[in-house]
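Okay, so here's the structure we're looking at.
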Amino acid sequence: MRRGIKSICQPATLFLALVMASLTAQAQATDRQQIEQLYERMYRAMIEKDTATLRPMFADDFYLVHMTGTRQNRQQYMEAIADGTLNYYDCQTEQLDVNVDGDSATLTGRSRVLAAVYGGGKHTWRLQLTFRLRREADNWLFTYSTASTY
């Protein structure tokens with residue numbers, strides 16, 4: 001009799017495991033989509049110098065490390081965009097890699113960015129931004145970023 005119960009339970013256990021794996025994969029796909037959309041909205045807001053839209057995308061404790069090694073917190077970064085220290089004109093995303101682990105994620109975006117920064121002329125940069133993100137109240141926020149070229 002035990003053998004009969006075991007054979008009935010095994011398919012049910014396997015079914016539940018498959019359902020849970022499918023739900024987890026769907027949630028991660030949705031998280032990846034949200035993070036990819038966040039990246040695209042970020043660049044649109046940077047181009048438009050729309051810091052009101054941009055600010056809530058970044059956690060209060062966010063900071064960015066530029067390719068020069070300069071570190072800026074969220075407020076300094078927003079000010080540099082608003083005052084024209086950092087000018088963004090166009091962004092063509094080439095590659096996005098997103099990894100989600102619960103309420104944490106990483107994003108590496110590679111984009112061709114037309115920008116003029118720190119008083120220099122317009123130049124198209126092959127810019128790679130690597131972000132750490134965390135979920136807060138069902139929203140993904142950028143918490144840290146490093147910039148480099150690729």
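Here, A, B, ... name the chains of the structure tokens in the order displayed, residue numbers run from 1 inside each chain, and ligands are numbered from 1 in the same displayed order.
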Long-range neighbours of stretch 106-114 of chain A as a list in words, 8 Å cut-off, only C-alpha atoms, 5 positions minimum in chain: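 My reading of the contact set: Ile35, Tyr39, Tyr88, Tyr89, Asp90, Cys91, Gln92, Thr93, Glu94, Gln95, Leu96, Asp97, Val98, Asn99, Val100, Lys122, His123, Thr124, Trp125, Arg126, Leu127, Gln128, Leu129, Thr130, Phe131, Arg132, Leu133 and Tyr150 of chain A.
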task: Report the residues of chain A whose backbone DSSP state falls under strand (DSSP E or B), written as a ChimeraX atom specification.
output: /A:58-65,71-73,86-101,104-117,123-136,139-149
query: Any idea what's packed within 8 Å of stretch 42-46 of chain A, counting only C-alpha atoms, ignoring anything in its chain fewer than 2 positions away? Could you give it as a list in words?
result: Leu38, Tyr39, Glu40, Glu48, Lys49, Asp50, Thr51, Thr53, Leu54, Met57, Ile81, Asn87, Tyr88 and Cys91 of chain A
Suppose we keep C-alpha atoms; can you now write the selection as a CSV table (one decimal), in the first residue's frame?
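Okay, this is what ended up in out.csv:
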```
chain,number,residue,atom,x,y,z
A,38,LEU,CA,14.1,51.4,-16.3
A,39,TYR,CA,17.4,51.6,-18.2
A,40,GLU,CA,15.7,53.0,-21.3
A,48,GLU,CA,15.7,65.5,-21.6
A,49,LYS,CA,17.5,66.7,-18.4
A,50,ASP,CA,14.3,65.6,-16.6
A,51,THR,CA,15.7,65.2,-13.1
A,53,THR,CA,11.6,61.7,-13.6
A,54,LEU,CA,15.2,60.6,-13.1
A,57,MET,CA,14.9,55.8,-10.3
A,81,ILE,CA,22.8,66.6,-15.4
A,87,ASN,CA,25.0,66.6,-21.4
A,88,TYR,CA,23.4,63.6,-23.1
A,91,CYS,CA,21.6,56.8,-26.8
```
- prompt: With only C-alpha atoms as the basis for distance, which of A:Ala59, A:Met78, A:Asn73, A:Ile47 is at the shortest distance from A:Ala115?
  reply: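 Closest to A:Ala115 of all the choices is A:Ile47.
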- request: Compile the contact shell of A:Gly69 as a PyMOL selection string: residues with an atom at most 10 Å away, counting only C-alpha atoms, same-chain residues fewer than 5 positions apart removed.
  value: chain A and resi 64+146-148
- prompt: Using only C-alpha atoms, which of A:Ala29, A:Thr143, A:Arg41, A:Glu36 sits nearest A:Phe62?
  reply: A:Thr143
field: Counting only C-alpha atoms, the residue of A:Asp103, A:Asp83, A:Asp31, A:Asp60 that sits nearest A:Glu136
entry: A:Asp103
task: May I ask for the distance between atom CA of A:Gln33 and atom CA of A:Arg135, given in Å to one decimal place?
output: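 Interatomic distance, atom CA of A:Gln33 to atom CA of A:Arg135: 13.6 Å.
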